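Raw upload.cif, mmCIF, C-alpha atoms and all ligand atoms:
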```
data_data
loop_
_atom_site.label_atom_id
_atom_site.label_comp_id
_atom_site.auth_asym_id
_atom_site.auth_seq_id
_atom_site.Cartn_x
_atom_site.Cartn_y
_atom_site.Cartn_z
CA ASP A 426 -125.02 158.88 -66.74
CA ARG A 427 -128.01 160.89 -68.03
CA LEU A 428 -128.07 163.03 -64.89
CA SER A 429 -124.85 164.82 -65.80
CA LEU A 430 -125.79 165.59 -69.42
CA SER A 431 -127.39 168.80 -70.67
CA PHE A 432 -130.91 168.61 -72.10
CA THR A 433 -129.63 169.77 -75.50
CA LYS A 434 -127.26 166.85 -75.56
CA ARG A 435 -129.93 164.43 -74.37
CA ALA A 436 -132.24 165.57 -77.19
CA THR A 437 -129.73 163.99 -79.58
CA TYR A 438 -130.07 160.63 -77.80
CA ALA A 439 -133.88 160.60 -77.81
CA LYS A 440 -135.45 158.16 -80.27
CA ASN A 441 -138.96 159.50 -79.64
CA ASN A 442 -139.87 162.76 -81.42
CA MET A 443 -141.88 164.19 -78.54
CA ALA A 444 -139.05 163.51 -76.10
CA LYS A 445 -136.68 165.35 -78.45
CA LYS A 446 -139.09 168.27 -78.61
CA LEU A 447 -139.50 168.30 -74.84
CA PHE A 448 -135.73 168.30 -74.21
CA ASN A 449 -135.30 171.21 -76.61
CA VAL A 450 -138.13 173.23 -75.05
CA MET A 451 -136.65 172.59 -71.59
CA ALA A 452 -133.22 173.78 -72.71
CA LYS A 453 -134.57 176.84 -74.51
CA LYS A 454 -136.95 178.00 -71.77
CA GLU A 455 -134.70 176.83 -68.93
CA THR A 456 -137.44 174.96 -67.18
CA ASN A 457 -138.18 171.47 -65.91
CA LEU A 458 -141.54 172.42 -64.53
CA CYS A 459 -144.75 170.66 -65.61
CA VAL A 460 -147.92 172.10 -64.12
CA ALA A 461 -150.80 169.73 -63.34
CA ALA A 462 -153.90 171.68 -64.39
CA ASP A 463 -156.28 169.78 -62.14
CA LEU A 464 -159.16 172.25 -62.38
CA THR A 465 -162.72 171.46 -63.40
CA GLU A 466 -163.69 174.51 -65.45
CA ALA A 467 -162.39 175.23 -68.92
CA THR A 468 -161.84 178.96 -68.37
CA ASP A 469 -159.89 178.26 -65.18
CA ILE A 470 -157.54 175.91 -67.04
CA LEU A 471 -157.08 178.41 -69.87
CA ASN A 472 -156.33 181.22 -67.37
CA LEU A 473 -153.88 178.96 -65.56
CA ALA A 474 -152.19 178.02 -68.85
CA GLU A 475 -151.77 181.69 -69.77
CA GLN A 476 -150.29 182.54 -66.38
CA VAL A 477 -147.87 179.63 -66.03
CA GLY A 478 -147.13 179.35 -69.78
CA PRO A 479 -143.81 181.23 -69.74
CA TYR A 480 -142.42 179.04 -66.94
CA ILE A 481 -143.33 175.50 -67.99
CA CYS A 482 -142.18 172.91 -70.51
CA CYS A 483 -145.40 170.94 -70.24
CA LEU A 484 -149.01 171.32 -69.10
CA LYS A 485 -150.63 168.16 -67.80
CA THR A 486 -154.39 167.68 -67.90
CA HIS A 487 -156.98 165.23 -66.60
CA ILE A 488 -159.45 166.04 -69.35
CA ASP A 489 -162.23 163.91 -67.83
CA ILE A 490 -162.55 166.13 -64.75
CA LEU A 491 -163.82 169.07 -66.83
CA GLN A 492 -167.46 169.99 -66.19
CA ASP A 493 -167.85 172.01 -69.37
CA PHE A 494 -165.69 170.29 -72.00
CA HIS A 495 -166.09 171.56 -75.55
CA PRO A 496 -163.78 171.04 -78.56
CA ASN A 497 -163.22 174.82 -78.64
CA PHE A 498 -161.45 174.46 -75.30
CA ILE A 499 -158.83 172.24 -76.95
CA LYS A 500 -158.42 174.69 -79.82
CA ARG A 501 -157.77 177.56 -77.38
CA LEU A 502 -155.45 175.45 -75.20
CA LYS A 503 -153.40 174.50 -78.25
CA GLU A 504 -153.08 178.18 -79.20
CA ILE A 505 -151.80 179.06 -75.73
CA ALA A 506 -149.38 176.12 -75.86
CA GLU A 507 -148.05 177.37 -79.18
CA THR A 508 -147.70 180.97 -77.99
CA HIS A 509 -145.77 180.00 -74.86
CA GLU A 510 -144.05 176.97 -76.37
CA PHE A 511 -145.08 174.22 -74.00
CA ILE A 512 -146.28 170.68 -74.67
CA LEU A 513 -149.67 169.16 -73.78
CA MET A 514 -149.80 165.94 -71.79
CA GLU A 515 -153.05 164.09 -71.06
CA ASP A 516 -152.59 162.08 -67.89
CA ARG A 517 -155.16 159.41 -68.82
CA LYS A 518 -153.17 156.54 -67.28
CA PHE A 519 -154.50 154.05 -69.82
CA ALA A 520 -154.87 150.52 -68.43
CA ASP A 521 -156.97 148.02 -70.39
CA ILE A 522 -156.87 145.60 -73.32
CA GLY A 523 -155.61 147.01 -76.62
CA ASN A 524 -159.02 147.33 -78.26
CA THR A 525 -160.55 149.28 -75.37
CA VAL A 526 -157.52 151.54 -75.04
CA GLN A 527 -157.65 152.31 -78.76
CA LEU A 528 -161.26 153.45 -78.33
CA GLN A 529 -160.52 155.45 -75.18
CA TYR A 530 -157.53 157.07 -76.85
CA SER A 531 -159.06 158.13 -80.14
CA GLN A 532 -162.87 158.13 -79.73
CA GLY A 533 -165.42 159.49 -77.29
CA LEU A 534 -165.92 163.06 -76.18
CA TYR A 535 -162.26 163.92 -75.76
CA GLN A 536 -160.54 162.50 -78.87
CA ILE A 537 -157.26 162.48 -76.96
CA SER A 538 -155.18 161.22 -79.90
CA SER A 539 -156.02 164.36 -81.88
CA TRP A 540 -154.48 166.88 -79.48
CA ALA A 541 -152.29 165.36 -76.74
CA SER A 542 -148.61 165.15 -77.67
CA LEU A 543 -147.85 163.15 -74.55
CA ILE A 544 -149.92 160.61 -72.61
CA THR A 545 -149.44 158.44 -69.54
CA VAL A 546 -149.90 154.67 -69.75
CA HIS A 547 -149.83 151.92 -67.12
CA SER A 548 -147.48 149.06 -67.97
CA LEU A 549 -149.85 146.58 -66.26
CA PHE A 550 -151.38 145.27 -69.51
CA GLY A 551 -148.01 144.74 -71.19
CA ARG A 552 -146.99 145.14 -74.82
CA SER A 553 -150.48 145.11 -76.33
CA ILE A 554 -151.41 148.42 -74.72
CA LEU A 555 -148.44 150.12 -76.40
CA ASP A 556 -149.10 148.39 -79.74
CA SER A 557 -152.69 149.62 -79.71
CA ILE A 558 -151.69 153.22 -79.01
CA ILE A 559 -149.00 153.26 -81.69
CA GLU A 560 -151.44 151.77 -84.19
CA SER A 561 -153.80 154.73 -83.54
CA ASN A 562 -151.05 157.37 -83.66
CA ASP A 563 -147.35 156.80 -84.10
CA ASP A 564 -146.45 160.45 -83.42
CA ILE A 565 -147.01 160.19 -79.69
CA GLY A 566 -144.77 160.36 -76.66
CA VAL A 567 -145.74 157.85 -74.01
CA PHE A 568 -144.82 158.13 -70.34
CA LEU A 569 -144.97 154.68 -68.76
CA ILE A 570 -145.81 154.51 -65.08
CA ALA A 571 -143.14 152.60 -63.16
CA GLU A 572 -143.66 154.01 -59.66
CA VAL A 573 -146.34 156.18 -58.06
CA SER A 574 -146.35 158.80 -55.33
CA SER A 575 -149.34 157.49 -53.41
CA SER A 576 -148.71 155.99 -49.97
CA ASN A 577 -149.23 152.23 -49.59
CA ASN A 578 -149.41 151.62 -53.35
CA LEU A 579 -149.10 148.03 -54.60
CA ILE A 580 -146.19 148.40 -57.03
CA ASP A 581 -143.17 146.24 -56.17
CA GLU A 582 -139.58 146.23 -57.41
CA LYS A 583 -140.21 143.55 -60.05
CA TYR A 584 -143.09 145.53 -61.58
CA THR A 585 -140.89 148.62 -61.73
CA THR A 586 -137.96 146.74 -63.32
CA GLU A 587 -140.22 145.07 -65.88
CA THR A 588 -141.78 148.44 -66.71
CA ILE A 589 -138.36 149.91 -67.52
CA LYS A 590 -137.59 146.87 -69.71
CA LEU A 591 -140.89 147.28 -71.55
CA GLY A 592 -140.14 150.97 -72.11
CA LEU A 593 -136.69 150.24 -73.50
CA SER A 594 -138.14 147.82 -76.03
CA TYR A 595 -140.39 150.61 -77.43
CA GLU A 596 -137.74 153.32 -77.70
CA SER A 597 -139.32 155.23 -80.56
CA SER A 598 -142.68 155.66 -78.80
CA ILE A 599 -141.62 156.07 -75.18
CA ALA A 600 -140.72 159.61 -74.11
CA GLY A 601 -140.02 158.55 -70.57
CA VAL A 602 -141.09 157.07 -67.29
CA VAL A 603 -143.20 158.34 -64.40
CA CYS A 604 -141.30 157.43 -61.25
CA GLN A 605 -139.79 158.61 -57.98
CA ASN A 606 -136.22 157.25 -58.29
CA PRO A 607 -133.40 157.35 -60.87
CA LEU A 608 -134.23 153.98 -62.45
CA PHE A 609 -132.58 154.30 -65.87
CA ARG A 610 -129.42 156.37 -65.54
CA ASP A 611 -127.85 154.69 -68.60
CA PHE A 612 -130.54 155.84 -71.03
CA PRO A 613 -130.11 159.57 -71.61
CA GLY A 614 -132.80 159.68 -74.31
CA PHE A 615 -135.57 158.93 -71.78
CA LEU A 616 -137.10 161.49 -69.43
CA GLN A 617 -137.93 160.94 -65.78
CA LEU A 618 -141.21 162.64 -64.85
CA THR A 619 -141.74 162.92 -61.11
CA PRO A 620 -145.00 164.05 -59.48
CA GLY A 621 -145.56 164.64 -55.78
CA VAL A 622 -143.67 167.93 -55.53
CA GLN A 623 -144.45 170.78 -53.19
CA LEU A 624 -142.54 173.41 -51.25
CA ASP A 625 -144.87 173.83 -48.27
CA SER A 626 -146.30 170.39 -47.63
CA THR A 627 -145.27 166.73 -47.27
CA LYS A 628 -148.67 165.10 -47.91
CA ASP A 629 -152.37 165.68 -48.52
CA ASN A 630 -155.18 163.90 -46.68
CA LEU A 631 -155.79 161.33 -49.44
CA GLY A 632 -152.46 159.52 -49.67
CA GLN A 633 -150.45 161.90 -51.84
CA GLN A 634 -146.82 162.24 -50.71
CA TYR A 635 -144.68 165.29 -51.51
CA ASN A 636 -140.98 165.89 -51.80
CA SER A 637 -139.25 169.25 -52.19
CA PRO A 638 -138.14 170.40 -55.67
CA GLU A 639 -134.47 169.91 -54.68
CA LYS A 640 -135.15 166.39 -53.44
CA VAL A 641 -136.92 165.21 -56.61
CA ILE A 642 -134.15 166.58 -58.81
CA GLU A 643 -131.67 164.76 -56.58
CA ASN A 644 -133.82 161.62 -57.04
CA GLY A 645 -133.35 161.84 -60.80
CA ALA A 646 -136.34 163.87 -61.99
CA ASP A 647 -135.87 165.61 -65.32
CA ILE A 648 -139.36 167.08 -65.15
CA ALA A 649 -141.19 167.77 -61.89
CA VAL A 650 -144.99 167.85 -61.83
CA VAL A 651 -146.49 170.50 -59.56
CA GLY A 652 -150.25 170.74 -59.18
CA ARG A 653 -151.81 172.25 -56.08
CA GLY A 654 -148.50 173.77 -54.99
CA ILE A 655 -149.14 176.24 -57.81
CA THR A 656 -152.87 176.09 -58.57
CA LYS A 657 -153.86 176.85 -54.94
CA SER A 658 -151.40 179.70 -54.65
CA ALA A 659 -152.67 183.28 -54.36
CA ASP A 660 -150.06 184.34 -56.93
CA ILE A 661 -150.11 181.69 -59.66
CA ALA A 662 -147.54 183.23 -62.01
CA GLY A 663 -145.21 184.18 -59.14
CA SER A 664 -145.40 180.72 -57.69
CA ALA A 665 -144.77 179.04 -61.07
CA GLU A 666 -141.74 181.28 -61.56
CA GLN A 667 -140.50 180.33 -58.09
CA TYR A 668 -140.87 176.56 -58.69
CA ARG A 669 -139.21 176.97 -62.10
CA ARG A 670 -136.22 178.73 -60.58
CA VAL A 671 -135.72 176.35 -57.64
CA LEU A 672 -136.02 173.29 -59.92
CA TRP A 673 -133.75 174.69 -62.62
CA ASP A 674 -131.08 175.78 -60.12
CA ALA A 675 -131.09 172.31 -58.56
CA CYS A 676 -130.85 170.75 -62.00
CA LYS A 677 -127.96 172.96 -63.10
CA ARG A 678 -125.94 171.67 -60.16
CA ARG A 679 -126.03 168.09 -61.43
CA ILE A 680 -125.24 168.84 -65.10
CA SER A 681 -121.57 168.81 -66.03
CA GLU A 682 -121.56 168.36 -69.83
O1 LIG A 701 -149.26 168.28 -57.06
P1 LIG A 701 -150.61 167.61 -56.90
O2 LIG A 701 -150.63 166.61 -55.79
O3 LIG A 701 -151.73 168.60 -56.79
O4 LIG A 701 -150.90 166.84 -58.27
C1 LIG A 701 -150.11 165.78 -58.73
C2 LIG A 701 -150.50 165.37 -60.13
C3 LIG A 701 -151.92 164.82 -60.25
C4 LIG A 701 -151.73 163.32 -60.27
O5 LIG A 701 -152.71 162.67 -61.08
C5 LIG A 701 -150.36 163.14 -60.91
O6 LIG A 701 -149.64 164.34 -60.59
N1 LIG A 701 -149.57 161.98 -60.42
C6 LIG A 701 -149.03 161.03 -61.32
C7 LIG A 701 -148.91 161.22 -62.75
C8 LIG A 701 -148.39 162.41 -63.31
O7 LIG A 701 -149.08 160.33 -63.51
C9 LIG A 701 -148.43 159.86 -60.85
C10 LIG A 701 -148.20 159.72 -59.45
O8 LIG A 701 -147.57 158.76 -59.03
N2 LIG A 701 -148.65 160.70 -58.64
C11 LIG A 701 -149.32 161.82 -59.07
O9 LIG A 701 -149.67 162.67 -58.25
O10 LIG A 701 -152.45 165.28 -61.47
#
```
What would the structure in this file look like if it were written as structure tokens?
Amino acid sequence: DRLSLSFTKRATYAKNNMAKKLFNVMAKKETNLCVAADLTEATDILNLAEQVGPYICCLKTHIDILQDFHPNFIKRLKEIAETHEFILMEDRKFADIGNTVQLQYSQGLYQISSWASLITVHSLFGRSILDSIIESNDDIGVFLIAEVSSSNNLIDEKYTTETIKLGLSYESSIAGVVCQNPLFRDFPGFLQLTPGVQLDSTKDNLGQQYNSPEKVIENGADIAVVGRGITKSADIAGSAEQYRRVLWDACKRRISE
């Protein structure tokens, strides 16, 4: 059962390079916190990255919400990621035919394939979406979306099960799965990324649903994504440190080897 294994041990099971890297960063920095940098100005994201850097394993962006995107922003973000040893994830949630996804992934304003170590991908379009991404860049860690945190979403059990199967058949490119439940306990090389995490709230007014840090770890999360719980806090660094500690303590309780 992956839930009882240490992250150092799980790194040895990972077939995907980025997953290996992520496990090792998590173990070294003692954190399973990923911050969702959902801010619209470049300097705000850079300031956030500097403040939360010491406490996170991963910083997740939605690059297309930036009002003032410039390639220099990526250069600076990469420097901060290197200094604080965290990994960049672009939460693009690709969902289209292979040809279009290839263009969205490697062309356009954002050139995602040139800087994001991790990306999110919908399983909806099947194998061709993964083939097209790997053809553009085989040194990528993909998180496949198997479940979502939004209320009244349309994903059913079959879709979730088929998503896990698809992921398992692309072991060397899949870093893990975005989900809310422990769906793949027998595959210690995969990471479970769980969003919808907040200490002070159970929902927002647009369908987002939150669980506590303890609850998501109990539900199998290896990495918890926290956005507004941290970005809206008056003390960003203090709040990131607090989420890191609560998540890590909860995680330590389930690890026995
Ligand atoms: O903590 P929040 O609600 O401020 O932000 C949650 C972040 C957002 C969402 O785009 C993302 O997590 N997210 C995802 C991801 C990571 O793919 C899936 C999902 O089911 N729910 C969700 O909120 O950046």
**Spatial neighbours of A:Leu593, max dist 12 Å, all atoms listed in the file, sep filter under 2 positions, as a list of chain:residue names** = A:Ala439, A:Lys440, A:Asn441, A:Arg552, A:Val567, A:Phe568, A:Leu569, A:Thr586, A:Glu587, A:Thr588, A:Ile589, A:Lys590, A:Leu591, A:Tyr595, A:Glu596, A:Ser597, A:Ser598, A:Ile599, A:Ala600, A:Gly601, A:Val602, A:Leu608, A:Phe609, A:Asp611, A:Phe612, A:Pro613, A:Gly614, A:Phe615, A:Leu616
For those residues, write C-alpha atoms to a file as a PDB file, keeping the file's coordinate frame.
```pdb
ATOM      1  CA  ALA A 439    -133.880 160.600 -77.810  1.00  0.00           C
ATOM      2  CA  LYS A 440    -135.450 158.160 -80.270  1.00  0.00           C
ATOM      3  CA  ASN A 441    -138.960 159.500 -79.640  1.00  0.00           C
ATOM      4  CA  ARG A 552    -146.990 145.140 -74.820  1.00  0.00           C
ATOM      5  CA  VAL A 567    -145.740 157.850 -74.010  1.00  0.00           C
ATOM      6  CA  PHE A 568    -144.820 158.130 -70.340  1.00  0.00           C
ATOM      7  CA  LEU A 569    -144.970 154.680 -68.760  1.00  0.00           C
ATOM      8  CA  THR A 586    -137.960 146.740 -63.320  1.00  0.00           C
ATOM      9  CA  GLU A 587    -140.220 145.070 -65.880  1.00  0.00           C
ATOM     10  CA  THR A 588    -141.780 148.440 -66.710  1.00  0.00           C
ATOM     11  CA  ILE A 589    -138.360 149.910 -67.520  1.00  0.00           C
ATOM     12  CA  LYS A 590    -137.590 146.870 -69.710  1.00  0.00           C
ATOM     13  CA  LEU A 591    -140.890 147.280 -71.550  1.00  0.00           C
ATOM     14  CA  TYR A 595    -140.390 150.610 -77.430  1.00  0.00           C
ATOM     15  CA  GLU A 596    -137.740 153.320 -77.700  1.00  0.00           C
ATOM     16  CA  SER A 597    -139.320 155.230 -80.560  1.00  0.00           C
ATOM     17  CA  SER A 598    -142.680 155.660 -78.800  1.00  0.00           C
ATOM     18  CA  ILE A 599    -141.620 156.070 -75.180  1.00  0.00           C
ATOM     19  CA  ALA A 600    -140.720 159.610 -74.110  1.00  0.00           C
ATOM     20  CA  GLY A 601    -140.020 158.550 -70.570  1.00  0.00           C
ATOM     21  CA  VAL A 602    -141.090 157.070 -67.290  1.00  0.00           C
ATOM     22  CA  LEU A 608    -134.230 153.980 -62.450  1.00  0.00           C
ATOM     23  CA  PHE A 609    -132.580 154.300 -65.870  1.00  0.00           C
ATOM     24  CA  ASP A 611    -127.850 154.690 -68.600  1.00  0.00           C
ATOM     25  CA  PHE A 612    -130.540 155.840 -71.030  1.00  0.00           C
ATOM     26  CA  PRO A 613    -130.110 159.570 -71.610  1.00  0.00           C
ATOM     27  CA  GLY A 614    -132.800 159.680 -74.310  1.00  0.00           C
ATOM     28  CA  PHE A 615    -135.570 158.930 -71.780  1.00  0.00           C
ATOM     29  CA  LEU A 616    -137.100 161.490 -69.430  1.00  0.00           C
TER      30      LEU A 616
END
```
**Request:** Set the cut-off to 9 Å, count all atoms listed in the file, and list whatever residues fall near ligand LIG 701 (chain A) as an MDAnalysis selection string.
**Result:** chainID A and resid 460:463 485:487 516:518 545:546 568:575 603:605 618:623 628:629 633:635 650:657
Put those residues in a file: C-alpha atoms, as an mmCIF file, in the frame of the given file.
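Below you can see result12.cif, which holds the result:
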```cif
data_model
loop_
_atom_site.group_PDB
_atom_site.id
_atom_site.type_symbol
_atom_site.label_atom_id
_atom_site.label_comp_id
_atom_site.auth_asym_id
_atom_site.auth_seq_id
_atom_site.Cartn_x
_atom_site.Cartn_y
_atom_site.Cartn_z
ATOM 1 C CA VAL A 460 -147.920 172.100 -64.120
ATOM 2 C CA ALA A 461 -150.800 169.730 -63.340
ATOM 3 C CA ALA A 462 -153.900 171.680 -64.390
ATOM 4 C CA ASP A 463 -156.280 169.780 -62.140
ATOM 5 C CA LYS A 485 -150.630 168.160 -67.800
ATOM 6 C CA THR A 486 -154.390 167.680 -67.900
ATOM 7 C CA HIS A 487 -156.980 165.230 -66.600
ATOM 8 C CA ASP A 516 -152.590 162.080 -67.890
ATOM 9 C CA ARG A 517 -155.160 159.410 -68.820
ATOM 10 C CA LYS A 518 -153.170 156.540 -67.280
ATOM 11 C CA THR A 545 -149.440 158.440 -69.540
ATOM 12 C CA VAL A 546 -149.900 154.670 -69.750
ATOM 13 C CA PHE A 568 -144.820 158.130 -70.340
ATOM 14 C CA LEU A 569 -144.970 154.680 -68.760
ATOM 15 C CA ILE A 570 -145.810 154.510 -65.080
ATOM 16 C CA ALA A 571 -143.140 152.600 -63.160
ATOM 17 C CA GLU A 572 -143.660 154.010 -59.660
ATOM 18 C CA VAL A 573 -146.340 156.180 -58.060
ATOM 19 C CA SER A 574 -146.350 158.800 -55.330
ATOM 20 C CA SER A 575 -149.340 157.490 -53.410
ATOM 21 C CA VAL A 603 -143.200 158.340 -64.400
ATOM 22 C CA CYS A 604 -141.300 157.430 -61.250
ATOM 23 C CA GLN A 605 -139.790 158.610 -57.980
ATOM 24 C CA LEU A 618 -141.210 162.640 -64.850
ATOM 25 C CA THR A 619 -141.740 162.920 -61.110
ATOM 26 C CA PRO A 620 -145.000 164.050 -59.480
ATOM 27 C CA GLY A 621 -145.560 164.640 -55.780
ATOM 28 C CA VAL A 622 -143.670 167.930 -55.530
ATOM 29 C CA GLN A 623 -144.450 170.780 -53.190
ATOM 30 C CA LYS A 628 -148.670 165.100 -47.910
ATOM 31 C CA ASP A 629 -152.370 165.680 -48.520
ATOM 32 C CA GLN A 633 -150.450 161.900 -51.840
ATOM 33 C CA GLN A 634 -146.820 162.240 -50.710
ATOM 34 C CA TYR A 635 -144.680 165.290 -51.510
ATOM 35 C CA VAL A 650 -144.990 167.850 -61.830
ATOM 36 C CA VAL A 651 -146.490 170.500 -59.560
ATOM 37 C CA GLY A 652 -150.250 170.740 -59.180
ATOM 38 C CA ARG A 653 -151.810 172.250 -56.080
ATOM 39 C CA GLY A 654 -148.500 173.770 -54.990
ATOM 40 C CA ILE A 655 -149.140 176.240 -57.810
ATOM 41 C CA THR A 656 -152.870 176.090 -58.570
ATOM 42 C CA LYS A 657 -153.860 176.850 -54.940
#
```
**Request:** Have a look at A:Glu582, A:Gly523, A:Ser429, A:Glu507 and name the one nearest to A:Asp556; count only C-alpha atoms.
**Result:**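 Distance minimum relative to A:Asp556 lands on A:Gly523.
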**Request:** Just the residues within 12 Å of A:Trp673, please, counting all atoms listed in the file, with nothing from its chain fewer than 6 positions along; format it as JSON, numbers by chain.
**Result:** {"A": [431, 432, 451, 452, 454, 455, 456, 457, 458, 480, 481, 482, 638, 639, 641, 642, 643, 646, 647, 648, 649, 665, 666, 667, 679, 680]}
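The protein and nucleic acid residues lying at most 12 Å from A:Leu502 are Ala462, Ala467, Thr468, Asp469, Ile470, Leu471, Asn472, Leu473, Ala474, Glu475, Gly478, Leu484, Lys485, Thr486, Ile488, Phe494, His495, Pro496, Asn497, Glu507, Thr508, His509, Glu510, Phe511, Ile512, Leu513, Met514, Trp540 and Ala541 of chain A, with only C-alpha atoms considered and sequence neighbours fewer than 5 positions away removed.
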**Message:** Please report the interatomic distance between atom CA of A:Ser548 and atom CA of A:Ala520 in Å with one decimal.
**Reply:**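 Atom CA of A:Ala520 lies at a distance of 7.5 Å from atom CA of A:Ser548.
In terms of minimum interatomic distance to A:Lys446, A:Ser542 ranks closest within A:Asn644, A:Thr525, A:Asn606, A:Ser542, counting all atoms listed in the file.
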**Message:** If I take atom CA of A:Asp581 and atom CA of A:Thr627, how far is one from the other in Å, to one decimal?
**Reply:**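 So the answer is 22.4 Å.
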**Asked** How many Å separate atom CA of A:Gly533 from atom CA of A:Leu631?
**Response** 29.5 Å
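Considering the residues A:Asn524, A:Thr465, A:Ser553, A:Gln617 and counting all atoms listed in the file, A:Ala444 has its shortest atom-to-atom contact with A:Gln617.
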**Request:** Return the single residue from A:Leu430, A:Val477, A:Leu579, A:Ile522 that is closest to A:Asp660, with distances computed using only C-alpha atoms.
**Result:** A:Val477
